[in-house]
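Engineer: What follows is start30.txt, compact mmCIF, C-alpha atoms.
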```txt
# COMPACT_ATOMS: atom_id res chain seq x y z
CA MET A 1 0.00 0.00 0.00
CA LEU A 2 1.25 3.47 -0.87
CA ASP A 3 1.16 5.87 2.08
CA VAL A 4 -0.40 8.82 0.27
CA PHE A 5 -0.53 10.97 3.40
CA GLY A 6 2.97 10.18 4.70
CA ASP A 7 5.88 12.55 5.31
CA TYR A 8 8.45 12.20 2.53
CA SER A 9 10.74 15.07 3.52
CA SER A 10 13.54 12.74 4.63
CA ARG A 11 12.98 9.65 2.48
CA ASP A 12 13.02 9.13 -1.25
CA PRO A 13 9.40 8.92 -2.46
CA VAL A 14 10.51 7.46 -5.80
CA LEU A 15 11.19 4.14 -4.11
CA ALA A 16 7.69 4.02 -2.59
CA LEU A 17 6.13 5.02 -5.92
CA ALA A 18 8.08 2.31 -7.72
CA GLU A 19 6.84 -0.31 -5.26
CA ALA A 20 3.24 0.79 -5.81
CA ALA A 21 3.68 0.72 -9.58
CA LYS A 22 5.03 -2.81 -9.40
CA GLY A 23 2.67 -4.47 -6.94
CA CYS A 24 -0.45 -2.38 -6.35
CA PRO A 25 -2.35 -1.42 -9.53
CA LEU A 26 -5.35 0.00 -7.65
CA GLN A 27 -5.86 1.20 -4.09
CA GLU A 28 -9.05 2.37 -2.41
CA ALA A 29 -8.91 5.86 -0.89
CA SER A 30 -11.06 5.96 2.21
CA GLU A 31 -10.07 9.42 3.47
CA ASN A 32 -10.62 11.52 0.36
CA GLY A 33 -12.89 9.24 -1.60
CA GLY A 34 -12.60 7.23 -4.79
CA MET A 35 -9.54 5.15 -5.54
CA TYR A 36 -5.95 5.47 -6.71
CA ALA A 37 -4.84 4.06 -10.06
CA PHE A 38 -1.11 3.34 -10.37
CA ARG A 39 -0.53 1.44 -13.63
CA ALA A 40 0.44 3.34 -16.76
CA ARG A 41 -2.25 1.79 -18.93
CA ASP A 42 -5.06 2.60 -16.46
CA VAL A 43 -3.79 6.15 -15.91
CA GLU A 44 -3.39 6.86 -19.62
CA ARG A 45 -6.79 5.41 -20.42
CA ALA A 46 -8.53 7.65 -17.87
CA LEU A 47 -6.59 10.71 -19.08
CA THR A 48 -7.63 10.18 -22.69
CA SER A 49 -11.05 8.52 -22.40
CA ALA A 50 -14.36 10.34 -22.83
CA ASP A 51 -15.62 8.24 -19.90
CA PHE A 52 -13.83 10.59 -17.46
CA TRP A 53 -13.57 14.31 -17.01
CA SER A 54 -12.19 16.88 -14.55
CA GLN A 55 -15.50 18.31 -13.34
CA ARG A 56 -15.58 17.67 -9.60
CA SER A 57 -18.37 15.74 -7.94
CA ALA A 58 -19.25 16.08 -4.25
CA ASP A 59 -16.25 16.10 -1.90
CA GLN A 60 -16.88 14.03 1.22
CA ARG A 61 -14.17 15.93 3.12
CA LEU A 62 -16.33 19.09 3.16
CA ALA A 63 -18.70 17.57 5.70
CA ALA A 64 -16.21 18.24 8.51
CA LEU A 65 -15.92 21.97 7.69
CA THR A 66 -17.92 24.87 9.11
CA ASP A 67 -20.19 26.77 6.76
CA GLU A 68 -17.69 29.66 6.64
CA ASP A 69 -14.75 27.37 5.87
CA ARG A 70 -16.80 25.57 3.25
CA GLU A 71 -17.54 28.86 1.47
CA ARG A 72 -13.87 29.88 1.37
CA ARG A 73 -12.91 26.44 0.07
CA LYS A 74 -15.68 26.72 -2.55
CA ARG A 75 -14.34 30.09 -3.72
CA LEU A 76 -10.88 28.61 -4.25
CA LYS A 77 -12.25 25.58 -6.08
CA THR A 78 -14.28 27.87 -8.34
CA PHE A 79 -11.04 29.66 -9.20
CA PHE A 80 -9.30 26.35 -9.94
CA SER A 81 -12.18 25.34 -12.20
CA LEU A 82 -11.12 28.20 -14.52
CA TRP A 83 -7.67 26.64 -15.06
CA PRO A 84 -7.58 24.69 -18.33
CA VAL A 85 -6.08 21.70 -16.52
CA PHE A 86 -9.11 21.48 -14.20
CA SER A 87 -11.88 22.34 -16.67
CA ASP A 88 -13.91 20.57 -19.34
CA GLY A 89 -16.34 21.19 -22.17
CA ALA A 90 -16.61 24.37 -24.22
CA TYR A 91 -14.81 26.53 -21.66
CA HIS A 92 -11.86 24.14 -21.56
CA LYS A 93 -11.51 24.27 -25.34
CA GLN A 94 -11.52 28.08 -25.28
CA ALA A 95 -9.14 28.36 -22.34
CA ARG A 96 -6.76 25.73 -23.69
CA HIS A 97 -6.66 27.44 -27.09
CA ALA A 98 -5.97 30.74 -25.35
CA SER A 99 -3.15 29.28 -23.26
CA ILE A 100 -1.54 27.71 -26.34
CA GLN A 101 -1.67 31.06 -28.13
CA LEU A 102 -0.23 32.86 -25.09
CA LEU A 103 2.70 30.44 -24.89
CA ARG A 104 3.44 30.40 -28.61
CA GLY A 105 6.93 31.69 -29.27
CA THR A 106 7.94 31.54 -25.60
CA VAL A 107 11.04 29.43 -26.26
CA THR A 108 13.11 32.20 -27.83
CA PRO A 109 16.85 32.33 -28.60
CA GLY A 110 17.07 35.10 -26.00
CA LEU A 111 15.61 32.91 -23.24
CA LEU A 112 17.83 29.96 -24.14
CA ALA A 113 20.91 32.19 -24.24
CA ALA A 114 20.08 33.69 -20.84
CA CYS A 115 19.59 30.24 -19.32
CA ARG A 116 22.84 29.01 -20.86
CA ARG A 117 24.81 31.97 -19.51
CA LEU A 118 23.37 31.38 -16.07
CA ALA A 119 24.08 27.62 -16.16
CA ASP A 120 27.63 28.09 -17.42
CA SER A 121 28.44 30.74 -14.82
CA ARG A 122 27.02 28.71 -11.93
CA LEU A 123 28.89 25.58 -13.00
CA ALA A 124 32.13 27.50 -13.46
CA ALA A 125 31.80 29.13 -10.03
CA GLY A 126 30.93 25.91 -8.20
CA GLY A 127 34.47 24.60 -7.83
CA GLY A 128 34.85 21.94 -5.18
CA GLU A 129 32.93 23.79 -2.48
CA SER A 130 29.57 22.56 -1.18
CA PHE A 131 26.52 24.57 -2.26
CA ASP A 132 22.75 24.31 -2.58
CA TRP A 133 21.96 23.24 -6.16
CA ALA A 134 18.28 24.18 -5.76
CA ASP A 135 19.01 27.80 -4.80
CA THR A 136 22.11 28.25 -6.98
CA VAL A 137 21.07 26.53 -10.21
CA ALA A 138 17.50 25.20 -10.37
CA ARG A 139 15.45 28.09 -9.04
CA PRO A 140 17.40 30.84 -10.84
CA MET A 141 17.03 29.07 -14.18
CA ALA A 142 13.30 28.56 -13.58
CA ARG A 143 13.02 32.26 -12.73
CA GLU A 144 14.49 33.08 -16.13
CA ALA A 145 11.54 31.28 -17.71
CA ILE A 146 9.02 33.24 -15.64
CA ALA A 147 10.82 36.50 -16.38
CA ALA A 148 10.57 35.75 -20.10
CA LEU A 149 6.80 35.37 -19.68
CA THR A 150 6.02 38.23 -17.30
CA GLY A 151 9.01 40.57 -17.38
CA ASN A 152 11.93 40.78 -14.98
CA ALA A 153 10.52 43.42 -12.64
CA ASP A 154 7.89 41.31 -10.90
CA ALA A 155 8.91 37.73 -11.68
CA VAL A 156 10.08 36.95 -8.14
CA ARG A 157 6.88 38.32 -6.60
CA LEU A 158 4.68 36.37 -9.02
CA ILE A 159 6.58 33.19 -8.22
CA GLU A 160 6.06 33.78 -4.48
CA LEU A 161 2.33 34.24 -5.04
CA GLY A 162 2.21 31.14 -7.23
CA VAL A 163 3.90 29.11 -4.49
CA GLY A 164 1.11 30.23 -2.14
CA VAL A 165 -1.41 28.68 -4.50
CA MET A 166 0.61 25.51 -5.10
CA ASP A 167 1.03 24.90 -1.37
CA GLU A 168 -2.72 24.32 -1.19
CA LEU A 169 -2.71 21.95 -4.14
CA ALA A 170 0.23 20.03 -2.68
CA THR A 171 -1.53 18.78 0.42
CA PRO A 172 -3.86 15.76 0.14
CA ARG A 173 -5.84 17.05 3.13
CA ILE A 174 -7.95 20.20 3.47
CA ASP A 175 -5.86 22.78 5.33
CA MET A 176 -7.75 26.04 5.84
CA ALA A 177 -4.56 28.00 6.55
CA ARG A 178 -3.33 27.00 3.10
CA VAL A 179 -6.72 27.76 1.58
CA ASP A 180 -6.62 31.28 3.02
CA ARG A 181 -3.05 31.87 1.86
CA ALA A 182 -3.99 30.68 -1.63
CA LEU A 183 -6.98 33.04 -1.72
CA ARG A 184 -4.78 35.98 -0.69
CA SER A 185 -2.33 35.01 -3.44
CA VAL A 186 -5.13 34.87 -6.01
CA ASP A 187 -6.30 38.36 -5.03
CA ALA A 188 -2.73 39.69 -5.32
CA LEU A 189 -2.24 38.05 -8.72
CA SER A 190 -5.48 39.57 -9.96
CA HIS A 191 -4.42 43.00 -8.68
CA TRP A 192 -1.04 42.67 -10.41
CA LEU A 193 -2.59 41.69 -13.74
CA GLY A 194 -5.17 44.48 -13.49
CA ARG A 195 -2.32 46.99 -13.26
CA ALA A 196 0.16 45.31 -15.63
CA ARG A 197 -2.27 45.06 -18.53
CA ALA A 198 -2.24 48.87 -18.88
CA GLU A 199 1.44 48.75 -19.90
CA PRO A 200 2.16 45.06 -20.51
CA PRO A 201 5.85 44.18 -20.12
CA THR A 202 5.66 41.15 -22.45
CA PRO A 203 3.42 39.78 -25.23
CA PHE A 204 2.22 37.12 -22.76
CA VAL A 205 0.92 39.77 -20.36
CA ALA A 206 -0.56 41.74 -23.25
CA GLY A 207 -2.49 38.63 -24.30
CA LEU A 208 -3.79 38.15 -20.78
CA GLY A 209 -4.90 41.78 -20.80
CA GLU A 210 -6.98 41.14 -23.90
CA LEU A 211 -8.61 38.15 -22.19
CA TRP A 212 -9.31 40.33 -19.13
CA ASP A 213 -11.38 42.65 -21.34
CA ASP A 214 -12.99 39.81 -23.32
CA PRO A 215 -16.56 39.06 -22.12
CA ALA A 216 -16.00 35.39 -22.93
CA PHE A 217 -13.23 35.26 -20.28
CA GLY A 218 -13.01 38.26 -17.97
CA PRO A 219 -10.70 39.14 -15.06
CA GLU A 220 -11.11 35.89 -13.11
CA ALA A 221 -10.37 33.64 -16.09
CA ALA A 222 -7.41 35.81 -17.13
CA THR A 223 -6.02 35.59 -13.59
CA ALA A 224 -6.57 31.83 -13.61
CA LEU A 225 -4.55 31.49 -16.82
CA LEU A 226 -1.77 33.68 -15.38
CA THR A 227 -1.64 31.54 -12.25
CA GLN A 228 -1.66 28.21 -14.06
CA VAL A 229 1.10 29.29 -16.45
CA VAL A 230 3.35 30.80 -13.76
CA THR A 231 3.00 27.85 -11.40
CA GLY A 232 2.94 25.31 -14.22
CA ALA A 233 6.23 26.65 -15.55
CA TYR A 234 8.13 27.43 -12.37
CA GLU A 235 7.35 24.32 -10.32
CA PRO A 236 8.03 21.67 -13.02
CA ILE A 237 11.18 23.38 -14.29
CA THR A 238 12.60 23.79 -10.79
CA THR A 239 11.79 20.18 -9.95
CA ALA A 240 13.26 18.80 -13.17
CA LEU A 241 16.47 20.79 -12.74
CA CYS A 242 16.77 19.49 -9.18
CA VAL A 243 16.31 15.95 -10.48
CA VAL A 244 19.21 16.61 -12.86
CA GLY A 245 21.35 17.55 -9.87
CA GLU A 246 20.24 14.61 -7.76
CA ARG A 247 20.14 11.84 -10.36
CA ILE A 248 22.27 12.54 -13.42
CA HIS A 249 25.90 11.43 -13.52
CA GLY A 250 28.32 12.59 -16.15
CA ASP A 251 28.51 9.02 -17.44
CA VAL A 252 24.84 9.19 -18.38
CA LEU A 253 25.46 12.26 -20.52
CA ALA A 254 28.48 10.55 -22.07
CA ARG A 255 26.51 7.54 -23.30
CA MET A 256 23.05 9.02 -24.08
CA PRO A 257 21.83 11.90 -26.27
CA VAL A 258 20.74 14.92 -24.28
CA ALA A 259 17.14 14.61 -25.51
CA LYS A 260 16.92 11.04 -24.18
CA VAL A 261 18.40 12.03 -20.81
CA ARG A 262 15.93 14.90 -20.60
CA GLU A 263 12.97 12.58 -21.11
CA GLU A 264 14.24 10.32 -18.33
CA VAL A 265 14.64 13.36 -16.07
CA LEU A 266 11.06 14.43 -16.77
CA ARG A 267 9.82 10.86 -16.24
CA LEU A 268 11.38 10.77 -12.78
CA ALA A 269 10.46 14.37 -11.99
CA ALA A 270 6.64 14.25 -12.49
CA PRO A 271 6.15 17.37 -10.34
CA PHE A 272 2.37 16.93 -10.12
CA ARG A 273 2.02 13.27 -9.20
CA PHE A 274 -1.79 13.00 -9.08
CA ALA A 275 -4.60 14.07 -11.38
CA SER A 276 -8.22 13.61 -10.29
CA ARG A 277 -10.83 12.45 -12.77
CA TYR A 278 -14.53 11.70 -12.33
CA ALA A 279 -16.63 9.11 -14.13
CA ARG A 280 -19.09 10.63 -16.58
CA ARG A 281 -21.00 7.36 -16.76
CA PRO A 282 -20.71 3.91 -15.14
CA VAL A 283 -17.30 2.54 -16.07
CA SER A 284 -14.88 -0.17 -14.91
CA ILE A 285 -11.21 0.08 -13.93
CA GLY A 286 -9.78 -3.36 -13.39
CA PRO A 287 -12.16 -5.25 -11.08
CA TYR A 288 -13.78 -2.05 -9.81
CA ARG A 289 -17.05 -0.63 -11.09
CA LEU A 290 -17.29 3.15 -10.84
CA GLU A 291 -20.66 4.85 -10.84
CA THR A 292 -21.31 8.26 -12.39
CA GLY A 293 -19.45 10.94 -10.47
CA ALA A 294 -17.06 8.53 -8.74
CA ARG A 295 -13.52 9.85 -8.30
CA VAL A 296 -10.31 8.19 -9.44
CA ASN A 297 -6.94 9.63 -8.44
CA LEU A 298 -4.53 9.01 -11.31
CA CYS A 299 -0.97 8.68 -10.08
CA LEU A 300 1.28 10.06 -12.81
CA GLY A 301 4.28 9.43 -10.57
CA THR A 302 3.69 5.67 -10.37
CA SER A 303 2.66 5.35 -14.02
CA ASN A 304 6.10 6.70 -14.96
CA LEU A 305 7.66 3.88 -12.92
CA ASP A 306 5.45 1.07 -14.20
CA PRO A 307 7.83 -1.77 -15.16
CA GLU A 308 5.40 -2.98 -17.83
CA ARG A 309 5.98 0.25 -19.75
CA TYR A 310 9.44 1.20 -18.47
CA PRO A 311 11.56 -1.90 -17.77
CA GLY A 312 14.08 -1.17 -15.05
CA PRO A 313 12.08 1.94 -14.08
CA LEU A 314 14.65 3.20 -11.56
CA GLU A 315 17.40 3.23 -14.17
CA ILE A 316 18.32 6.08 -16.50
CA ARG A 317 18.33 4.52 -19.96
CA ASP A 318 17.53 5.17 -23.61
CA ARG A 319 13.94 3.98 -24.00
CA GLY A 320 13.61 4.55 -27.72
CA VAL A 321 10.17 5.42 -29.05
CA ARG A 322 8.58 4.86 -25.62
CA SER A 323 10.73 7.51 -23.98
CA ARG A 324 7.98 10.06 -23.27
CA SER A 325 6.16 9.69 -19.98
CA LEU A 326 2.88 10.95 -18.55
CA SER A 327 4.50 13.75 -16.52
CA PHE A 328 2.73 16.40 -18.62
CA GLY A 329 -0.53 14.45 -18.80
CA ALA A 330 -2.12 13.15 -22.00
CA GLY A 331 -5.00 13.87 -24.32
CA ALA A 332 -6.96 17.12 -24.24
CA HIS A 333 -5.32 18.23 -20.98
CA TYR A 334 -1.72 17.74 -22.11
CA CYS A 335 0.39 20.59 -20.71
CA PRO A 336 0.84 23.36 -23.32
CA GLY A 337 4.00 24.51 -21.55
CA ALA A 338 5.85 21.20 -21.94
CA ALA A 339 8.11 22.60 -24.67
CA LEU A 340 9.32 25.35 -22.35
CA ALA A 341 10.25 22.88 -19.61
CA ARG A 342 12.03 20.59 -22.08
CA ALA A 343 14.04 23.49 -23.51
CA VAL A 344 15.33 24.71 -20.13
CA VAL A 345 16.25 21.18 -19.02
CA ASP A 346 18.13 20.69 -22.29
CA VAL A 347 20.15 23.85 -21.65
CA LEU A 348 21.35 22.62 -18.26
CA LEU A 349 22.16 19.12 -19.51
CA GLU A 350 24.16 20.53 -22.43
CA SER A 351 26.05 22.85 -20.10
CA LEU A 352 26.91 19.96 -17.77
CA LYS A 353 28.02 17.79 -20.68
CA GLU A 354 30.28 20.44 -22.17
CA SER A 355 31.67 21.44 -18.77
CA GLY A 356 32.65 17.84 -18.01
CA VAL A 357 31.18 17.96 -14.51
CA HIS A 358 28.18 16.66 -12.62
CA PHE A 359 26.68 17.43 -9.24
CA ARG A 360 27.24 14.98 -6.40
CA ALA A 361 24.33 15.41 -4.00
CA GLU A 362 25.23 14.89 -0.34
CA ARG A 363 22.00 15.96 1.35
CA VAL A 364 18.48 16.04 -0.09
CA ASP A 365 15.64 17.85 1.71
CA ARG A 366 12.21 17.56 0.13
CA GLU A 367 8.82 19.00 0.91
CA PRO A 368 6.85 16.35 2.81
CA GLU A 369 3.74 15.91 0.64
CA LEU A 370 3.59 13.09 -1.87
CA PRO A 371 1.22 14.73 -4.41
CA MET A 372 3.96 17.14 -5.54
CA LEU A 373 7.71 16.61 -5.87
CA ARG A 374 9.35 19.76 -4.50
CA TYR A 375 12.80 20.29 -3.05
CA ARG A 376 13.65 22.43 -0.04
CA ALA A 377 17.40 22.07 -0.53
CA LEU A 378 19.85 19.93 -2.48
CA SER A 379 23.33 20.23 -1.03
CA GLY A 380 26.51 18.84 -2.57
CA ARG A 381 29.40 19.73 -4.85
CA LEU A 382 30.49 19.61 -8.46
CA VAL A 383 32.88 16.82 -9.44
CA ARG A 384 34.67 16.03 -12.67
CA THR A 385 33.04 13.41 -14.84
CA ALA A 386 34.79 10.03 -14.72
CA SER A 387 36.78 8.73 -17.67
CA THR A 388 35.05 6.66 -20.33
CA ALA A 389 36.46 3.45 -18.86
CA ASP A 390 35.29 4.37 -15.37
CA CYS A 391 31.86 5.17 -16.77
CA ARG A 392 31.59 1.71 -18.34
CA ASP A 393 32.55 0.13 -15.03
CA ARG A 394 29.93 2.11 -13.17
CA VAL A 395 27.17 1.37 -15.68
CA SER A 396 27.91 -2.37 -15.47
CA GLY A 397 28.12 -2.34 -11.66
CA THR A 398 25.43 -2.84 -9.05
CA THR A 399 25.19 0.66 -7.60
CA ASN A 400 21.64 1.93 -7.11
CA PRO A 401 21.09 4.02 -10.27
CA LEU A 402 19.19 6.63 -8.26
CA SER A 403 21.81 7.06 -5.54
CA ASN A 404 24.16 9.40 -7.50
CA GLY A 405 27.07 7.63 -5.83
CA ARG A 406 26.29 8.39 -2.17
CA ALA A 407 24.42 6.76 0.67
CA ARG A 408 21.15 8.20 1.85
```
Mind turning this structure into structure tokens?
Structural biologist:
Amino acid sequence: MLDVFGDYSSRDPVLALAEAAKGCPLQEASENGGMYAFRARDVERALTSADFWSQRSADQRLAALTDEDRERRKRLKTFFSLWPVFSDGAYHKQARHASIQLLRGTVTPGLLAACRRLADSRLAAGGGESFDWADTVARPMAREAIAALTGNADAVRLIELGVGVMDELATPRIDMARVDRALRSVDALSHWLGRARAEPPTPFVAGLGELWDDPAFGPEAATALLTQVVTGAYEPITTALCVVGERIHGDVLARMPVAKVREEVLRLAAPFRFASRYARRPVSIGPYRLETGARVNLCLGTSNLDPERYPGPLEIRDRGVRSRSLSFGAGAHYCPGAALARAVVDVLLESLKESGVHFRAERVDREPELPMLRYRALSGRLVRTASTADCRDRVSGTTNPLSNGRAR
């Protein structure tokens, strides 16, 4: 059984996810209703099937709340329903089309050059001293992506507000303190966009300003798109770049193309590990029969470690045509910002490869919640990549491929 509500701040959740993917295809969820699906084929089917959608049914957890708490929680959920990732039907088609248009042309030569300069300078300055990879490399590079979208002046503030929203999504339990912080963040994001649209610093913000004034969307929907894009870019990029630091040896980059390594990084990263879907009609998953409105929690994190789809799921390897995972979802809700995340990860991997170094993690501190993979700190030092002969010895050895050469 996967401990969905456990504290994973000091243990590697990938190992628990891999065990669930291997031996527990389905698990009933008594506390928050529905069930958990862990196998890749069940997760992908629910993501792409017309039998399921994102529109939320009744939430049994609300029964324990006061009327006032229930109203505040309802307000936040109404805001989330305006995100393309959490919506369906005609609105989803409109919002998804708008988000794709807003993100078109985001991966510019200027952004890639800025990320490369930052990566090269941080790797050159690392030397043999210990430092925090998350604060020194991952978060600054992710901030470059947000700055390209929203302008440099307010990127840090927008990220802070986005984190306030994501903290609520990260917990599998209802936490009213997080709900209230998220609502304050939403109000601040709306206020920022209301001001910024008058003199938009970037084409992305200008496009949001047009949606703000469009009767088909309006201020709330425009703010929802801003929030989803900022959080959906910053969190996955930061996480993936931390996974590079924690998991990727120089020998991996020596024997695999950067694009293949990147897909393995994203497979193991899966920043948003769960996606809820609800049955639109009676439907079966394995031996279970779901009635209309029943909830299924799709575990993207375990599906990416399913040995039926990814043999040796804890290894970094070239997986050929099956290299792409479900980290960005599938079907109509596939993440429109996936190209941005891939591009920034590529920049860091190329910089590491050309520098001839990799990061040796010595201490890993994660946020405790399982639904999202987020790092508090990733301490260690840069080391020179081993020779080709040493790399072959390591690859053929028995070292845990996720250990990056150190004990946990």
Engineer: May I have the residues within 12 Å of Gln101 in chain A as a list in words, using all atoms listed in the file and disregarding those fewer than 2 positions away in the same chain?
Structural biologist: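 Counting only the stated atoms, we get Gln94, Ala95, Arg96, His97, Ala98, Ser99, Leu103, Arg104, Gly105, Thr106, Pro203, Phe204, Val205, Ala206, Gly207, Leu208, Leu211, Leu225, Pro336 and Gly337 of chain A.
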Engineer: Can you write out as a tab-separated table which residues of range 223-329 of chain A fall within 6 Å of range 140-147 of chain A, alongside each residue's closest atom pair and its distance in Å to one decimal, counting only C-alpha atoms and ordering rows by chain and ascending residue number?
Structural biologist:
```
residue	atom	partner	partner_atom	distance
A:Tyr234	CA	A:Ala142	CA	5.4
A:Ile237	CA	A:Ala142	CA	5.6
A:Thr238	CA	A:Ala142	CA	5.6
```
Engineer: Pick from A:Ser87, A:Ser276, A:Ser49, A:Thr136: nearest to Ala294 in chain A, with only C-alpha atoms counted?
Structural biologist: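 Counting only C-alpha atoms, the residue closest to Ala294 in chain A is A:Ser276.
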Engineer: Which residue out of A:Val85, A:Ala64, A:Cys115, A:Val186 has the minimum interatomic distance to Val344 in chain A when all atoms listed in the file are used?
Structural biologist: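 Using all atoms listed in the file, the shortest distance to Val344 in chain A belongs to A:Cys115.
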Engineer: Show me the residues close to (32.2, 17.0, -10.2) - anything with an atom within 9 Å, counting all atoms listed in the file - and format the list as a list in words.
Structural biologist: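 The distance filter leaves exactly Gly127, Gly128, Gly250, Gly356, Val357, His358, Phe359, Arg360, Arg381, Leu382, Val383, Arg384, Thr385 and Ala386 of chain A.
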Engineer: Can you work out which one of A:Met256, A:Ala269, A:Ala153, A:Ile248 has the shortest atom-to-atom distance to Asn304 in chain A, counting all atoms listed in the file?
Structural biologist: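 Selected residue with least distance to Asn304 in chain A: A:Ala269.
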Engineer: Excluding Ala279 in chain A and residues on its chain fewer than 2 positions from it, collect all residues at most 7 Å away from it, counting all atoms listed in the file, and give them as a list in words.
Structural biologist: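 Here the qualifying residues turn out to be Asp51, Phe52, Trp53, Arg277, Arg281, Pro282, Val283, Leu290, Glu291, Thr292, Gly293, Ala294 and Arg295 of chain A.
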Engineer: What's around range 34-38 of chain A at 9 Å? Count all atoms listed in the file, leave out sequence neighbours fewer than 3 positions away in its own chain, and write the answer as a PyMOL selection string.
Structural biologist: chain A and resi 17+20-22+24-31+41-43+274+278+285+290+294-303+306
Engineer: One decimal, in Å: what's the spacing between CA of Gly329 in chain A and CA of Ala275 in chain A?
Structural biologist: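 So the answer is 8.5 Å.
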Engineer: May I have the residues within 8 Å of range 4-9 of chain A as a list of chain:residue names, using only C-alpha atoms and disregarding those fewer than 6 positions away in the same chain?
Structural biologist: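 My reading of the contact set: A:Pro172, A:Asp365, A:Arg366, A:Glu367, A:Pro368, A:Glu369, A:Leu370, A:Pro371.
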Engineer: Residues of the last selection are to be written out with C-alpha atoms, as a JSON list (two decimals), in the frame of the given file.
Structural biologist:
```json
[["chain", "number", "residue", "atom", "x", "y", "z"],
["A", 172, "PRO", "CA", -3.86, 15.76, 0.14],
["A", 365, "ASP", "CA", 15.64, 17.85, 1.71],
["A", 366, "ARG", "CA", 12.21, 17.56, 0.13],
["A", 367, "GLU", "CA", 8.82, 19.00, 0.91],
["A", 368, "PRO", "CA", 6.85, 16.35, 2.81],
["A", 369, "GLU", "CA", 3.74, 15.91, 0.64],
["A", 370, "LEU", "CA", 3.59, 13.09, -1.87],
["A", 371, "PRO", "CA", 1.22, 14.73, -4.41]]
```
Engineer: Figure out the distance between CA of Arg273 in chain A and CA of Arg289 in chain A, please, to one decimal in Å.
Structural biologist: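 Taking CA of Arg289 in chain A and CA of Arg273 in chain A, their separation equals 23.7 Å.
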Engineer: What residues have an atom no more than 12 Å from (-9.6, 24.1, -12.9) in the file's own frame, counting only C-alpha atoms, and can you write them as JSON, numbers by chain?
Structural biologist: {"A": [53, 54, 55, 56, 75, 76, 77, 78, 79, 80, 81, 82, 83, 84, 85, 86, 87, 88, 89, 91, 92, 95, 96, 169, 220, 221, 224, 225, 227, 228, 275, 276, 277, 333]}
Engineer: Could you jot down the CA of Ala330 in chain A to CA of Leu373 in chain A separation for me, Å, one decimal place?
Structural biologist: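 Computing it gives 19.2 Å between the two atoms.
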Engineer: Find the residue from A:Asp69, A:Trp133, A:Glu263, A:Leu102 that sits nearest to Val321 in chain A; use only C-alpha atoms when measuring.
Structural biologist: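 Nearest candidate to Val321 in chain A out of A:Asp69, A:Trp133, A:Glu263, A:Leu102: A:Glu263.
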Engineer: Considering only C-alpha atoms, can you say which of A:Ala259, A:Leu161, A:Ala125, A:Val243 comes closest to Ala138 in chain A?
Structural biologist: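 Smallest separation from Ala138 in chain A among the options: A:Val243.
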Engineer: Here is a test: counting all atoms listed in the file, which residue of A:Leu349, A:Ala338, A:Ala182, A:Leu326 is nearest to Gly162 in chain A?
Structural biologist: A:Ala182
Engineer: Would you fill out range 190-201 of chain A with N, CA and C atoms and return it as a short mmCIF file (atom, residue, chain, number, x, y, z; two decimals), in the frame of the given file?
Structural biologist:
```cif
data_model
loop_
_atom_site.label_atom_id
_atom_site.label_comp_id
_atom_site.auth_asym_id
_atom_site.auth_seq_id
_atom_site.Cartn_x
_atom_site.Cartn_y
_atom_site.Cartn_z
N SER A 190 -4.48 38.83 -9.19
CA SER A 190 -5.48 39.57 -9.96
C SER A 190 -5.17 41.07 -9.94
N HIS A 191 -4.76 41.57 -8.79
CA HIS A 191 -4.42 43.00 -8.68
C HIS A 191 -3.22 43.32 -9.57
N TRP A 192 -2.22 42.44 -9.57
CA TRP A 192 -1.04 42.67 -10.41
C TRP A 192 -1.43 42.71 -11.89
N LEU A 193 -2.23 41.74 -12.32
CA LEU A 193 -2.59 41.69 -13.74
C LEU A 193 -3.45 42.89 -14.12
N GLY A 194 -4.34 43.30 -13.21
CA GLY A 194 -5.17 44.48 -13.49
C GLY A 194 -4.33 45.71 -13.76
N ARG A 195 -3.21 45.84 -13.04
CA ARG A 195 -2.32 46.99 -13.26
C ARG A 195 -1.41 46.78 -14.48
N ALA A 196 -0.84 45.57 -14.60
CA ALA A 196 0.16 45.31 -15.63
C ALA A 196 -0.42 45.37 -17.03
N ARG A 197 -1.70 45.09 -17.18
CA ARG A 197 -2.27 45.06 -18.53
C ARG A 197 -2.32 46.45 -19.16
N ALA A 198 -2.23 47.51 -18.33
CA ALA A 198 -2.24 48.87 -18.88
C ALA A 198 -0.97 49.14 -19.68
N GLU A 199 0.16 48.64 -19.19
CA GLU A 199 1.44 48.75 -19.90
C GLU A 199 2.13 47.39 -19.83
N PRO A 200 1.67 46.44 -20.62
CA PRO A 200 2.16 45.06 -20.51
C PRO A 200 3.65 44.95 -20.81
N PRO A 201 4.41 44.29 -19.92
CA PRO A 201 5.85 44.18 -20.12
C PRO A 201 6.25 43.13 -21.16
#
```
